[in-house]
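K.L.:
Provided below: upload-v1.json, containing JSON, C-alpha atoms and all ligand atoms.
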[["chain", "number", "residue", "atom", "x", "y", "z"],
["A", 1471, "MET", "CA", 0.50, -33.67, 2.90],
["A", 1472, "ALA", "CA", 0.02, -30.99, 5.56],
["A", 1473, "GLU", "CA", 0.28, -27.19, 5.42],
["A", 1474, "CYS", "CA", 2.51, -25.34, 7.87],
["A", 1475, "PRO", "CA", 0.75, -22.42, 9.57],
["A", 1476, "VAL", "CA", 3.89, -20.63, 10.79],
["A", 1477, "CYS", "CA", 5.10, -18.27, 8.06],
["A", 1478, "PHE", "CA", 4.13, -16.70, 4.74],
["A", 1479, "ARG", "CA", 5.55, -19.64, 2.81],
["A", 1480, "HIS", "CA", 2.81, -21.99, 4.07],
["A", 1481, "CYS", "CA", 4.85, -24.98, 2.98],
["A", 1482, "LYS", "CA", 2.87, -28.04, 2.01],
["A", 1483, "ILE", "CA", 4.89, -30.85, 3.55],
["A", 1484, "GLU", "CA", 4.76, -34.54, 2.66],
["A", 1485, "GLU", "CA", 4.66, -36.95, 5.58],
["A", 1486, "GLY", "CA", 8.21, -37.18, 7.02],
["A", 1487, "ALA", "CA", 9.63, -34.47, 4.73],
["A", 1488, "LEU", "CA", 10.93, -31.04, 5.79],
["A", 1489, "GLY", "CA", 9.60, -27.56, 5.08],
["A", 1490, "PHE", "CA", 11.68, -24.79, 3.51],
["A", 1491, "CYS", "CA", 13.21, -23.80, 6.86],
["A", 1492, "GLY", "CA", 14.49, -27.31, 7.44],
["A", 1493, "ALA", "CA", 12.97, -27.24, 10.91],
["A", 1494, "ARG", "CA", 9.40, -28.44, 10.48],
["A", 1495, "THR", "CA", 8.02, -31.78, 9.36],
["A", 1496, "ALA", "CA", 4.68, -33.50, 8.86],
["A", 1497, "ARG", "CA", 3.77, -36.34, 11.20],
["A", 1498, "ASN", "CA", 0.38, -38.04, 11.19],
["A", 1499, "GLY", "CA", -0.96, -35.29, 8.93],
["A", 1500, "ARG", "CA", 0.15, -32.47, 11.23],
["A", 1501, "VAL", "CA", 3.11, -30.11, 10.94],
["A", 1502, "GLU", "CA", 5.37, -29.92, 13.97],
["A", 1503, "ALA", "CA", 8.86, -28.83, 15.04],
["A", 1504, "TYR", "CA", 11.37, -31.31, 13.63],
["A", 1505, "HIS", "CA", 14.24, -30.12, 15.84],
["A", 1506, "TYR", "CA", 12.19, -29.83, 19.04],
["A", 1507, "GLY", "CA", 14.78, -29.45, 21.84],
["A", 1508, "LYS", "CA", 17.81, -29.91, 19.55],
["A", 1509, "VAL", "CA", 20.44, -27.47, 20.79],
["A", 1510, "SER", "CA", 22.99, -25.67, 18.61],
["A", 1511, "GLY", "CA", 24.29, -23.41, 21.35],
["A", 1512, "LEU", "CA", 23.79, -22.69, 25.04],
["A", 1513, "ALA", "CA", 25.54, -19.81, 26.82],
["A", 1514, "LEU", "CA", 25.08, -17.29, 29.60],
["A", 1515, "ASP", "CA", 25.22, -14.05, 27.60],
["A", 1516, "PRO", "CA", 25.07, -10.41, 28.69],
["A", 1517, "ILE", "CA", 21.53, -9.18, 27.94],
["A", 1518, "GLU", "CA", 23.07, -6.37, 25.87],
["A", 1519, "LYS", "CA", 24.35, -9.00, 23.42],
["A", 1520, "LYS", "CA", 20.82, -9.97, 22.30],
["A", 1521, "PRO", "CA", 20.80, -6.93, 21.72],
["A", 1522, "LEU", "CA", 18.51, -5.46, 24.39],
["A", 1523, "ALA", "CA", 19.61, -2.11, 25.77],
["A", 1524, "ARG", "CA", 16.56, -1.24, 27.88],
["A", 1525, "PHE", "CA", 15.60, -4.55, 29.48],
["A", 1526, "PHE", "CA", 17.36, -5.33, 32.76],
["A", 1527, "PRO", "CA", 20.70, -3.82, 31.71],
["A", 1528, "GLY", "CA", 23.78, -5.31, 33.31],
["A", 1529, "THR", "CA", 22.25, -8.77, 33.73],
["A", 1530, "TYR", "CA", 22.86, -12.09, 32.01],
["A", 1531, "ILE", "CA", 20.48, -14.42, 30.24],
["A", 1532, "LEU", "CA", 20.76, -18.13, 29.47],
["A", 1533, "SER", "CA", 20.67, -18.19, 25.68],
["A", 1534, "VAL", "CA", 19.66, -21.22, 23.67],
["A", 1535, "GLY", "CA", 19.51, -21.85, 19.94],
["A", 1536, "SER", "CA", 18.46, -24.64, 17.62],
["A", 1537, "PHE", "CA", 18.72, -25.15, 13.84],
["A", 1538, "GLY", "CA", 17.11, -23.86, 10.63],
["A", 1539, "CYS", "CA", 15.72, -20.60, 9.30],
["A", 1540, "ASN", "CA", 12.79, -19.45, 7.18],
["A", 1541, "LEU", "CA", 14.78, -16.60, 5.57],
["A", 1542, "ARG", "CA", 17.79, -16.82, 3.25],
["A", 1543, "CYS", "CA", 19.96, -13.83, 4.19],
["A", 1544, "PRO", "CA", 23.16, -14.30, 2.16],
["A", 1545, "PHE", "CA", 25.21, -12.62, 4.90],
["A", 1546, "CYS", "CA", 23.96, -14.79, 7.79],
["A", 1547, "GLN", "CA", 26.42, -14.61, 10.69],
["A", 1548, "ASN", "CA", 24.98, -17.86, 12.06],
["A", 1549, "HIS", "CA", 25.01, -19.85, 8.82],
["A", 1550, "SER", "CA", 26.54, -22.88, 10.52],
["A", 1551, "ILE", "CA", 23.23, -23.40, 12.35],
["A", 1552, "SER", "CA", 20.72, -21.65, 10.06],
["A", 1553, "TRP", "CA", 20.46, -22.66, 6.40],
["A", 1554, "SER", "CA", 23.76, -24.10, 5.21],
["A", 1555, "GLU", "CA", 24.47, -27.76, 4.48],
["A", 1556, "GLU", "CA", 26.69, -27.63, 7.56],
["A", 1557, "ALA", "CA", 23.63, -26.65, 9.63],
["A", 1558, "ARG", "CA", 21.71, -29.69, 8.43],
["A", 1559, "ARG", "CA", 24.60, -31.98, 9.32],
["A", 1560, "ALA", "CA", 25.04, -30.35, 12.75],
["A", 1561, "ALA", "CA", 21.32, -30.71, 13.49],
["A", 1562, "ALA", "CA", 21.48, -34.43, 12.77],
["A", 1563, "ARG", "CA", 24.08, -35.00, 15.51],
["A", 1564, "ALA", "CA", 22.91, -32.36, 18.03],
["A", 1565, "GLU", "CA", 21.98, -33.16, 21.59],
["A", 1566, "THR", "CA", 18.50, -32.60, 22.96],
["A", 1567, "LEU", "CA", 17.59, -30.44, 25.94],
["A", 1568, "SER", "CA", 14.02, -30.80, 27.17],
["A", 1569, "PRO", "CA", 12.09, -27.68, 28.25],
["A", 1570, "GLU", "CA", 12.26, -29.00, 31.81],
["A", 1571, "GLN", "CA", 16.06, -29.36, 31.65],
["A", 1572, "LEU", "CA", 16.42, -25.88, 30.14],
["A", 1573, "ALA", "CA", 14.24, -24.26, 32.80],
["A", 1574, "ALA", "CA", 16.13, -26.08, 35.56],
["A", 1575, "LEU", "CA", 19.44, -24.89, 34.11],
["A", 1576, "ALA", "CA", 18.13, -21.33, 33.98],
["A", 1577, "GLU", "CA", 17.18, -21.53, 37.63],
["A", 1578, "GLN", "CA", 20.55, -22.98, 38.62],
["A", 1579, "THR", "CA", 22.40, -20.13, 36.87],
["A", 1580, "ARG", "CA", 20.45, -17.43, 38.74],
["A", 1581, "LYS", "CA", 23.33, -17.17, 41.20],
["A", 1582, "ARG", "CA", 25.58, -16.15, 38.28],
["A", 1583, "GLY", "CA", 23.35, -13.21, 37.40],
["A", 1584, "ASN", "CA", 20.97, -15.04, 35.07],
["A", 1585, "ILE", "CA", 17.48, -13.53, 34.79],
["A", 1586, "GLY", "CA", 15.92, -16.16, 32.52],
["A", 1587, "ILE", "CA", 15.97, -17.74, 29.07],
["A", 1588, "ALA", "CA", 16.61, -16.18, 25.65],
["A", 1589, "PHE", "CA", 15.56, -18.10, 22.53],
["A", 1590, "THR", "CA", 18.10, -16.94, 20.01],
["A", 1591, "TYR", "CA", 21.02, -17.80, 17.63],
["A", 1592, "ASN", "CA", 18.74, -19.34, 14.96],
["A", 1593, "GLU", "CA", 15.10, -18.37, 14.28],
["A", 1594, "PRO", "CA", 13.03, -19.49, 17.31],
["A", 1595, "LEU", "CA", 9.61, -19.12, 15.64],
["A", 1596, "ILE", "CA", 10.15, -22.15, 13.41],
["A", 1597, "ALA", "CA", 10.19, -24.27, 16.58],
["A", 1598, "TYR", "CA", 7.67, -22.17, 18.47],
["A", 1599, "GLU", "CA", 6.26, -25.23, 20.26],
["A", 1600, "TYR", "CA", 9.56, -25.63, 22.14],
["A", 1601, "VAL", "CA", 9.71, -21.90, 22.93],
["A", 1602, "LEU", "CA", 6.17, -22.08, 24.26],
["A", 1603, "ASP", "CA", 6.77, -25.13, 26.45],
["A", 1604, "ALA", "CA", 10.04, -23.81, 27.89],
["A", 1605, "ALA", "CA", 8.78, -20.24, 28.35],
["A", 1606, "LYS", "CA", 5.76, -21.47, 30.32],
["A", 1607, "LEU", "CA", 8.06, -23.36, 32.70],
["A", 1608, "ALA", "CA", 10.35, -20.35, 32.99],
["A", 1609, "LYS", "CA", 7.44, -18.07, 33.89],
["A", 1610, "ASP", "CA", 6.31, -20.58, 36.56],
["A", 1611, "LYS", "CA", 9.77, -20.21, 38.11],
["A", 1612, "GLY", "CA", 9.62, -16.39, 38.01],
["A", 1613, "LEU", "CA", 12.24, -16.16, 35.26],
["A", 1614, "LYS", "CA", 12.26, -13.66, 32.38],
["A", 1615, "THR", "CA", 11.89, -14.81, 28.78],
["A", 1616, "VAL", "CA", 13.35, -13.22, 25.67],
["A", 1617, "MET", "CA", 12.98, -14.07, 21.99],
["A", 1618, "VAL", "CA", 15.36, -12.84, 19.28],
["A", 1619, "SER", "CA", 13.55, -13.18, 15.99],
["A", 1620, "ASN", "CA", 13.21, -12.17, 12.37],
["A", 1621, "GLY", "CA", 9.51, -11.54, 12.98],
["A", 1622, "THR", "CA", 8.49, -13.74, 10.08],
["A", 1623, "ALA", "CA", 5.44, -15.56, 11.39],
["A", 1624, "GLU", "CA", 1.68, -15.37, 11.25],
["A", 1625, "LEU", "CA", -0.06, -13.51, 14.06],
["A", 1626, "PRO", "CA", -1.73, -16.59, 15.65],
["A", 1627, "ILE", "CA", 1.79, -17.92, 16.33],
["A", 1628, "LEU", "CA", 2.68, -14.66, 18.06],
["A", 1629, "ALA", "CA", -0.62, -14.73, 19.96],
["A", 1630, "ALA", "CA", 0.22, -18.19, 21.35],
["A", 1631, "LEU", "CA", 3.67, -17.06, 22.53],
["A", 1632, "ALA", "CA", 3.00, -13.49, 23.63],
["A", 1633, "PRO", "CA", 1.62, -14.23, 27.13],
["A", 1634, "TYR", "CA", 4.88, -16.00, 28.01],
["A", 1635, "ILE", "CA", 7.49, -13.69, 26.47],
["A", 1636, "ASP", "CA", 8.76, -10.61, 28.33],
["A", 1637, "ALA", "CA", 10.96, -9.04, 25.66],
["A", 1638, "MET", "CA", 11.88, -9.44, 22.02],
["A", 1639, "ASN", "CA", 14.53, -8.15, 19.74],
["A", 1640, "ILE", "CA", 13.06, -8.29, 16.24],
["A", 1641, "ASP", "CA", 15.01, -7.66, 13.05],
["A", 1642, "LEU", "CA", 13.66, -4.93, 10.84],
["A", 1643, "LYS", "CA", 16.24, -5.68, 8.20],
["A", 1644, "GLY", "CA", 15.33, -2.92, 5.80],
["A", 1645, "PHE", "CA", 12.35, -0.97, 4.61],
["A", 1646, "THR", "CA", 11.74, -2.01, 1.02],
["A", 1647, "ASP", "CA", 9.70, -4.94, -0.26],
["A", 1648, "ARG", "CA", 12.38, -5.56, -2.89],
["A", 1649, "TYR", "CA", 15.14, -6.07, -0.29],
["A", 1650, "TYR", "CA", 13.01, -8.43, 1.80],
["A", 1651, "ARG", "CA", 11.82, -10.42, -1.22],
["A", 1652, "GLU", "CA", 14.87, -10.52, -3.50],
["A", 1653, "VAL", "CA", 17.81, -10.46, -1.06],
["A", 1654, "LEU", "CA", 16.44, -12.04, 2.13],
["A", 1655, "GLY", "CA", 13.75, -14.35, 0.76],
["A", 1656, "GLY", "CA", 11.32, -12.74, 3.17],
["A", 1657, "ASP", "CA", 8.11, -10.76, 3.37],
["A", 1658, "ARG", "CA", 8.31, -7.22, 4.73],
["A", 1659, "ARG", "CA", 4.55, -6.92, 5.32],
["A", 1660, "MET", "CA", 4.57, -9.98, 7.58],
["A", 1661, "VAL", "CA", 7.41, -8.50, 9.65],
["A", 1662, "LEU", "CA", 5.73, -5.11, 10.00],
["A", 1663, "ASP", "CA", 2.49, -6.75, 11.13],
["A", 1664, "PHE", "CA", 4.39, -8.96, 13.59],
["A", 1665, "ILE", "CA", 6.22, -5.97, 15.12],
["A", 1666, "THR", "CA", 3.03, -3.88, 15.31],
["A", 1667, "GLU", "CA", 1.34, -6.65, 17.29],
["A", 1668, "ALA", "CA", 4.36, -7.62, 19.42],
["A", 1669, "VAL", "CA", 4.79, -4.10, 20.87],
["A", 1670, "LYS", "CA", 1.28, -4.38, 22.35],
["A", 1671, "HIS", "CA", 2.35, -7.33, 24.48],
["A", 1672, "CYS", "CA", 5.96, -7.00, 25.60],
["A", 1673, "HIS", "CA", 9.12, -4.92, 25.54],
["A", 1674, "VAL", "CA", 10.40, -4.79, 21.94],
["A", 1675, "GLU", "CA", 13.66, -3.52, 20.49],
["A", 1676, "LEU", "CA", 14.44, -3.59, 16.76],
["A", 1677, "THR", "CA", 17.66, -4.23, 14.85],
["A", 1678, "THR", "CA", 18.63, -3.04, 11.37],
["A", 1679, "LEU", "CA", 21.84, -4.42, 9.89],
["A", 1680, "ILE", "CA", 23.18, -1.93, 7.37],
["A", 1681, "ILE", "CA", 24.40, -3.62, 4.18],
["A", 1682, "PRO", "CA", 26.38, -1.40, 1.77],
["A", 1683, "GLY", "CA", 24.46, -0.86, -1.45],
["A", 1684, "GLU", "CA", 21.31, -2.58, -0.20],
["A", 1685, "ASN", "CA", 19.63, -0.72, 2.66],
["A", 1686, "ASP", "CA", 22.08, 2.07, 3.48],
["A", 1687, "SER", "CA", 20.35, 5.09, 1.96],
["A", 1688, "GLU", "CA", 19.39, 8.02, 4.14],
["A", 1689, "ASP", "CA", 15.89, 8.04, 2.60],
["A", 1690, "GLU", "CA", 15.31, 4.42, 3.61],
["A", 1691, "MET", "CA", 16.43, 5.10, 7.18],
["A", 1692, "ARG", "CA", 14.13, 8.15, 7.28],
["A", 1693, "GLU", "CA", 11.17, 6.02, 6.24],
["A", 1694, "LEU", "CA", 12.08, 3.18, 8.58],
["A", 1695, "SER", "CA", 12.55, 5.40, 11.64],
["A", 1696, "GLU", "CA", 9.37, 7.34, 10.82],
["A", 1697, "TRP", "CA", 7.46, 4.06, 10.87],
["A", 1698, "VAL", "CA", 9.11, 2.92, 14.12],
["A", 1699, "SER", "CA", 8.26, 6.27, 15.73],
["A", 1700, "GLY", "CA", 4.57, 5.43, 15.30],
["A", 1701, "LEU", "CA", 4.92, 2.38, 17.56],
["A", 1702, "ARG", "CA", 4.32, 2.62, 21.29],
["A", 1703, "GLU", "CA", 4.70, 0.01, 23.99],
["A", 1704, "PRO", "CA", 1.82, -0.45, 26.45],
["A", 1705, "ASP", "CA", 3.53, 1.91, 28.95],
["A", 1706, "GLY", "CA", 3.81, 4.61, 26.27],
["A", 1707, "GLU", "CA", 7.56, 4.15, 25.78],
["A", 1708, "SER", "CA", 8.97, 4.46, 22.27],
["A", 1709, "VAL", "CA", 10.64, 1.45, 20.66],
["A", 1710, "PRO", "CA", 14.48, 1.35, 20.66],
["A", 1711, "LEU", "CA", 16.32, 0.80, 17.38],
["A", 1712, "HIS", "CA", 19.77, -0.80, 17.01],
["A", 1713, "VAL", "CA", 21.59, 0.25, 13.84],
["A", 1714, "SER", "CA", 24.25, -2.33, 13.21],
["A", 1715, "ARG", "CA", 27.38, -2.70, 11.07],
["A", 1716, "PHE", "CA", 27.70, -5.51, 8.52],
["A", 1717, "PHE", "CA", 30.83, -7.61, 8.03],
["A", 1718, "PRO", "CA", 31.33, -9.78, 4.90],
["A", 1719, "CYS", "CA", 30.14, -13.29, 5.68],
["A", 1720, "PHE", "CA", 28.83, -16.55, 4.19],
["A", 1721, "HIS", "CA", 27.54, -15.85, 0.65],
["A", 1722, "MET", "CA", 28.08, -12.08, 0.82],
["A", 1723, "THR", "CA", 31.80, -11.45, 0.57],
["A", 1724, "ASP", "CA", 31.66, -9.21, -2.50],
["A", 1725, "ARG", "CA", 31.70, -5.99, -0.49],
["A", 1726, "ALA", "CA", 33.54, -4.43, 2.42],
["A", 1727, "ALA", "CA", 32.21, -4.03, 5.94],
["A", 1728, "THR", "CA", 29.86, -1.09, 6.39],
["A", 1729, "ASP", "CA", 31.79, 2.13, 6.89],
["A", 1730, "VAL", "CA", 31.48, 3.08, 10.57],
["A", 1731, "LYS", "CA", 30.70, 6.64, 9.49],
["A", 1732, "THR", "CA", 27.70, 5.37, 7.53],
["A", 1733, "VAL", "CA", 26.34, 3.58, 10.60],
["A", 1734, "TYR", "CA", 26.77, 6.72, 12.72],
["A", 1735, "ARG", "CA", 25.18, 8.93, 10.03],
["A", 1736, "LEU", "CA", 22.14, 6.64, 9.68],
["A", 1737, "ALA", "CA", 21.82, 6.40, 13.47],
["A", 1738, "ALA", "CA", 21.83, 10.21, 13.63],
["A", 1739, "ILE", "CA", 19.01, 10.28, 11.05],
["A", 1740, "ALA", "CA", 17.04, 7.73, 13.11],
["A", 1741, "ARG", "CA", 17.51, 9.92, 16.20],
["A", 1742, "GLU", "CA", 15.60, 12.73, 14.48],
["A", 1743, "LYS", "CA", 12.49, 10.55, 14.99],
["A", 1744, "LEU", "CA", 13.37, 8.15, 17.79],
["A", 1745, "GLU", "CA", 14.28, 8.52, 21.43],
["A", 1746, "TYR", "CA", 16.47, 5.42, 21.76],
["A", 1747, "VAL", "CA", 18.92, 4.61, 18.97],
["A", 1748, "TYR", "CA", 22.01, 2.45, 19.49],
["A", 1749, "THR", "CA", 24.86, 1.54, 17.15],
["A", 1750, "GLY", "CA", 26.19, -2.02, 17.03],
["A", 1751, "ASN", "CA", 29.37, -3.77, 15.83],
["A", 1752, "CYS", "CA", 31.17, -0.41, 15.50],
["A", 1801, "LIG", "S1", 7.98, -22.13, 9.17],
["A", 1801, "LIG", "FE1", 9.20, -23.41, 7.81],
["A", 1801, "LIG", "S2", 7.86, -25.10, 7.17],
["A", 1801, "LIG", "FE2", 6.58, -23.50, 8.07],
["A", 1801, "LIG", "S3", 5.86, -22.28, 6.32],
["A", 1801, "LIG", "FE3", 7.71, -21.27, 7.12],
["A", 1801, "LIG", "S4", 9.41, -22.13, 5.96],
["A", 1801, "LIG", "FE4", 7.66, -23.48, 5.62]]
Any chance you could give the structure as structure tokens?
P.N.:
Amino acid sequence: MAECPVCFRHCKIEEGALGFCGARTARNGRVEAYHYGKVSGLALDPIEKKPLARFFPGTYILSVGSFGCNLRCPFCQNHSISWSEEARRAAARAETLSPEQLAALAEQTRKRGNIGIAFTYNEPLIAYEYVLDAAKLAKDKGLKTVMVSNGTAELPILAALAPYIDAMNIDLKGFTDRYYREVLGGDRRMVLDFITEAVKHCHVELTTLIIPGENDSEDEMRELSEWVSGLREPDGESVPLHVSRFFPCFHMTDRAATDVKTVYRLAAIAREKLEYVYTGNC
């Protein structure tokens, strides 16, 4: 039995078994990434799709994903690779891409406008060893590195990655403990601490997906944007916020898509405190 150090769950994993995220196992008494190098998706995406609005706009980034997740968002848009049965089956038959192969591919695609590697699609932190190995190689080649994350990891994991990551988009999915705990299966405090530390090391943008009836109150957006306004990147820049529209998906099909007017109204509230606010999926 070994304890995973990555997130607040601190799963105690039997030899050969999987942790809650389905992406970490115990081998020889140590917990490690079970899907190391297993690829669920690989694409040259516009950087704005991560979303990053203020990091090399107009460029492309080679985006790679794997399998599993340490949250349980019922509306997951990427459920086929995150925490569904389908995801587990897909992981079992996925191909492997070594960090060396990934870095070489990133270099080859430079001529198509690629600036580096983005670890995205599923939660990269649950296979942080792969992110670390590939990001180091990318930095050696002068490439940029991006991580798109739910920010649900202990700070030593962030400390290991931070020297090799140039930008992150981190979900700040809401601003109540109840929503994080009861709807997402997460821990808001862990995410706030992760964001607070991440902004000291690299460019960070945040994303809030607005779910009708869950996190769409004006008061919650006021509190959230007030908190974000207290963050500053090392160069003194304020942190951008993406306010995004929900569409019914996966286990959350009991409500309509977020009204576009609601997204615009909440973005306007965020702009009272923040310099850079963007709307998404509208
Ligand atoms: S990363 Fe996965 S295995 Fe580790 S504590 Fe979190 S859920 Fe458990």
K.L.:
Which of these, A:Glu1652, A:Glu1518, A:Glu1624, A:Glu1745, has the shortest distance to ligand LIG 1801 (chain A) once you count only C-alpha atoms and all ligand atoms?
P.N.:
A:Glu1624
K.L.:
Which value, in Å to one decimal, gives the distance between atom CA of A:Thr1678 and atom CA of A:Gly1583?
P.N.:
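Atom-to-atom, atom CA of A:Thr1678 and atom CA of A:Gly1583 are spaced 28.3 Å apart.
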K.L.:
Quick one: residues within 12 Å of ligand LIG 1801 (chain A), with all atoms listed in the file, as a compact mmCIF listing (two decimals) with C-alpha atoms, keeping the file's coordinate frame?
P.N.:
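This went into out31.txt:
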# COMPACT_ATOMS: atom_id res chain seq x y z
CA ALA A 1472 0.02 -30.99 5.56
CA GLU A 1473 0.28 -27.19 5.42
CA CYS A 1474 2.51 -25.34 7.87
CA PRO A 1475 0.75 -22.42 9.57
CA VAL A 1476 3.89 -20.63 10.79
CA CYS A 1477 5.10 -18.27 8.06
CA PHE A 1478 4.13 -16.70 4.74
CA ARG A 1479 5.55 -19.64 2.81
CA HIS A 1480 2.81 -21.99 4.07
CA CYS A 1481 4.85 -24.98 2.98
CA LYS A 1482 2.87 -28.04 2.01
CA ILE A 1483 4.89 -30.85 3.55
CA GLU A 1484 4.76 -34.54 2.66
CA ALA A 1487 9.63 -34.47 4.73
CA LEU A 1488 10.93 -31.04 5.79
CA GLY A 1489 9.60 -27.56 5.08
CA PHE A 1490 11.68 -24.79 3.51
CA CYS A 1491 13.21 -23.80 6.86
CA GLY A 1492 14.49 -27.31 7.44
CA ALA A 1493 12.97 -27.24 10.91
CA ARG A 1494 9.40 -28.44 10.48
CA THR A 1495 8.02 -31.78 9.36
CA ALA A 1496 4.68 -33.50 8.86
CA ARG A 1500 0.15 -32.47 11.23
CA VAL A 1501 3.11 -30.11 10.94
CA GLU A 1502 5.37 -29.92 13.97
CA ALA A 1503 8.86 -28.83 15.04
CA TYR A 1504 11.37 -31.31 13.63
CA HIS A 1505 14.24 -30.12 15.84
CA PHE A 1537 18.72 -25.15 13.84
CA GLY A 1538 17.11 -23.86 10.63
CA CYS A 1539 15.72 -20.60 9.30
CA ASN A 1540 12.79 -19.45 7.18
CA LEU A 1541 14.78 -16.60 5.57
CA ARG A 1542 17.79 -16.82 3.25
CA SER A 1552 20.72 -21.65 10.06
CA TRP A 1553 20.46 -22.66 6.40
CA GLU A 1593 15.10 -18.37 14.28
CA PRO A 1594 13.03 -19.49 17.31
CA LEU A 1595 9.61 -19.12 15.64
CA ILE A 1596 10.15 -22.15 13.41
CA ALA A 1597 10.19 -24.27 16.58
CA TYR A 1598 7.67 -22.17 18.47
CA GLU A 1599 6.26 -25.23 20.26
CA ASN A 1620 13.21 -12.17 12.37
CA GLY A 1621 9.51 -11.54 12.98
CA THR A 1622 8.49 -13.74 10.08
CA ALA A 1623 5.44 -15.56 11.39
CA GLU A 1624 1.68 -15.37 11.25
CA ILE A 1627 1.79 -17.92 16.33
CA GLY A 1655 13.75 -14.35 0.76
CA GLY A 1656 11.32 -12.74 3.17
CA ASP A 1657 8.11 -10.76 3.37
CA MET A 1660 4.57 -9.98 7.58
K.L.:
Out of A:Ala1737, A:Leu1522, A:Leu1711, A:Met1722, which residue has the shortest atom-to-atom distance to A:Met1638 when counting all atoms listed in the file?
P.N.:
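Counting all atoms listed in the file, the residue closest to A:Met1638 is A:Leu1522.
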K.L.:
What is the distance between atom CA of A:Ser1510 and atom CA of A:Thr1749, in Å to one decimal?
P.N.:
27.3 Å
K.L.:
Quick check, in Å to one decimal: how far apart do atom CA of A:Leu1613 and atom CA of A:Gly1586 lie?
P.N.:
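Separating atom CA of A:Leu1613 from atom CA of A:Gly1586 is a distance of 4.6 Å.
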K.L.:
My list of candidates is A:Phe1664, A:Tyr1746, A:Phe1645, A:Tyr1600. Which is closest to A:Leu1628 when distances are computed with only C-alpha atoms?
P.N.:
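Using only C-alpha atoms, the shortest distance to A:Leu1628 belongs to A:Phe1664.
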K.L.:
Considering only C-alpha atoms, can you say which of A:Asp1686, A:Asp1705, A:Glu1556, A:Glu1693 comes closest to A:Asp1729?
P.N.:
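Among A:Asp1686, A:Asp1705, A:Glu1556, A:Glu1693, it is A:Asp1686 that comes nearest to A:Asp1729.
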K.L.:
I'd like the neighbourhood of A:Asn1685 as number ranges by chain, where a residue qualifies if any of its atoms comes within 10 Å (using only C-alpha atoms), though same-chain residues fewer than 5 positions away should be ignored.
P.N.:
A: 1643-1646, 1649, 1678-1680, 1690-1691
K.L.:
Since the input is missing atoms for stretch 1480-1492 of chain A, could you rebuild it with N, CA and C atoms and give the result as an mmCIF file, keeping the file's coordinate frame?
P.N.:
data_model
loop_
_atom_site.group_PDB
_atom_site.id
_atom_site.type_symbol
_atom_site.label_atom_id
_atom_site.label_comp_id
_atom_site.auth_asym_id
_atom_site.auth_seq_id
_atom_site.Cartn_x
_atom_site.Cartn_y
_atom_site.Cartn_z
ATOM 1 N N HIS A 1480 3.857 -20.970 3.956
ATOM 2 C CA HIS A 1480 2.810 -21.990 4.070
ATOM 3 C C HIS A 1480 3.184 -23.264 3.334
ATOM 4 N N CYS A 1481 4.354 -23.773 3.656
ATOM 5 C CA CYS A 1481 4.850 -24.980 2.980
ATOM 6 C C CYS A 1481 3.841 -26.122 3.095
ATOM 7 N N LYS A 1482 3.679 -26.813 1.982
ATOM 8 C CA LYS A 1482 2.870 -28.040 2.010
ATOM 9 C C LYS A 1482 3.867 -29.198 2.093
ATOM 10 N N ILE A 1483 3.827 -29.890 3.227
ATOM 11 C CA ILE A 1483 4.890 -30.850 3.550
ATOM 12 C C ILE A 1483 4.363 -32.284 3.486
ATOM 13 N N GLU A 1484 5.090 -33.099 2.723
ATOM 14 C CA GLU A 1484 4.760 -34.540 2.660
ATOM 15 C C GLU A 1484 5.107 -35.182 4.009
ATOM 16 N N GLU A 1485 4.394 -36.221 4.351
ATOM 17 C CA GLU A 1485 4.660 -36.950 5.580
ATOM 18 C C GLU A 1485 6.165 -37.303 5.697
ATOM 19 N N GLY A 1486 6.791 -36.861 6.777
ATOM 20 C CA GLY A 1486 8.210 -37.180 7.020
ATOM 21 C C GLY A 1486 9.193 -36.250 6.339
ATOM 22 N N ALA A 1487 8.725 -35.395 5.421
ATOM 23 C CA ALA A 1487 9.630 -34.470 4.730
ATOM 24 C C ALA A 1487 9.804 -33.189 5.557
ATOM 25 N N LEU A 1488 10.676 -32.294 5.075
ATOM 26 C CA LEU A 1488 10.930 -31.040 5.790
ATOM 27 C C LEU A 1488 10.389 -29.853 5.002
ATOM 28 N N GLY A 1489 9.987 -28.815 5.719
ATOM 29 C CA GLY A 1489 9.600 -27.560 5.080
ATOM 30 C C GLY A 1489 10.838 -26.777 4.662
ATOM 31 N N PHE A 1490 10.606 -25.629 4.043
ATOM 32 C CA PHE A 1490 11.680 -24.790 3.510
ATOM 33 C C PHE A 1490 12.725 -24.441 4.564
ATOM 34 N N CYS A 1491 12.289 -24.222 5.791
ATOM 35 C CA CYS A 1491 13.210 -23.800 6.860
ATOM 36 C C CYS A 1491 14.069 -24.941 7.377
ATOM 37 N N GLY A 1492 13.733 -26.152 6.977
ATOM 38 C CA GLY A 1492 14.490 -27.310 7.440
ATOM 39 C C GLY A 1492 14.227 -27.658 8.889
#
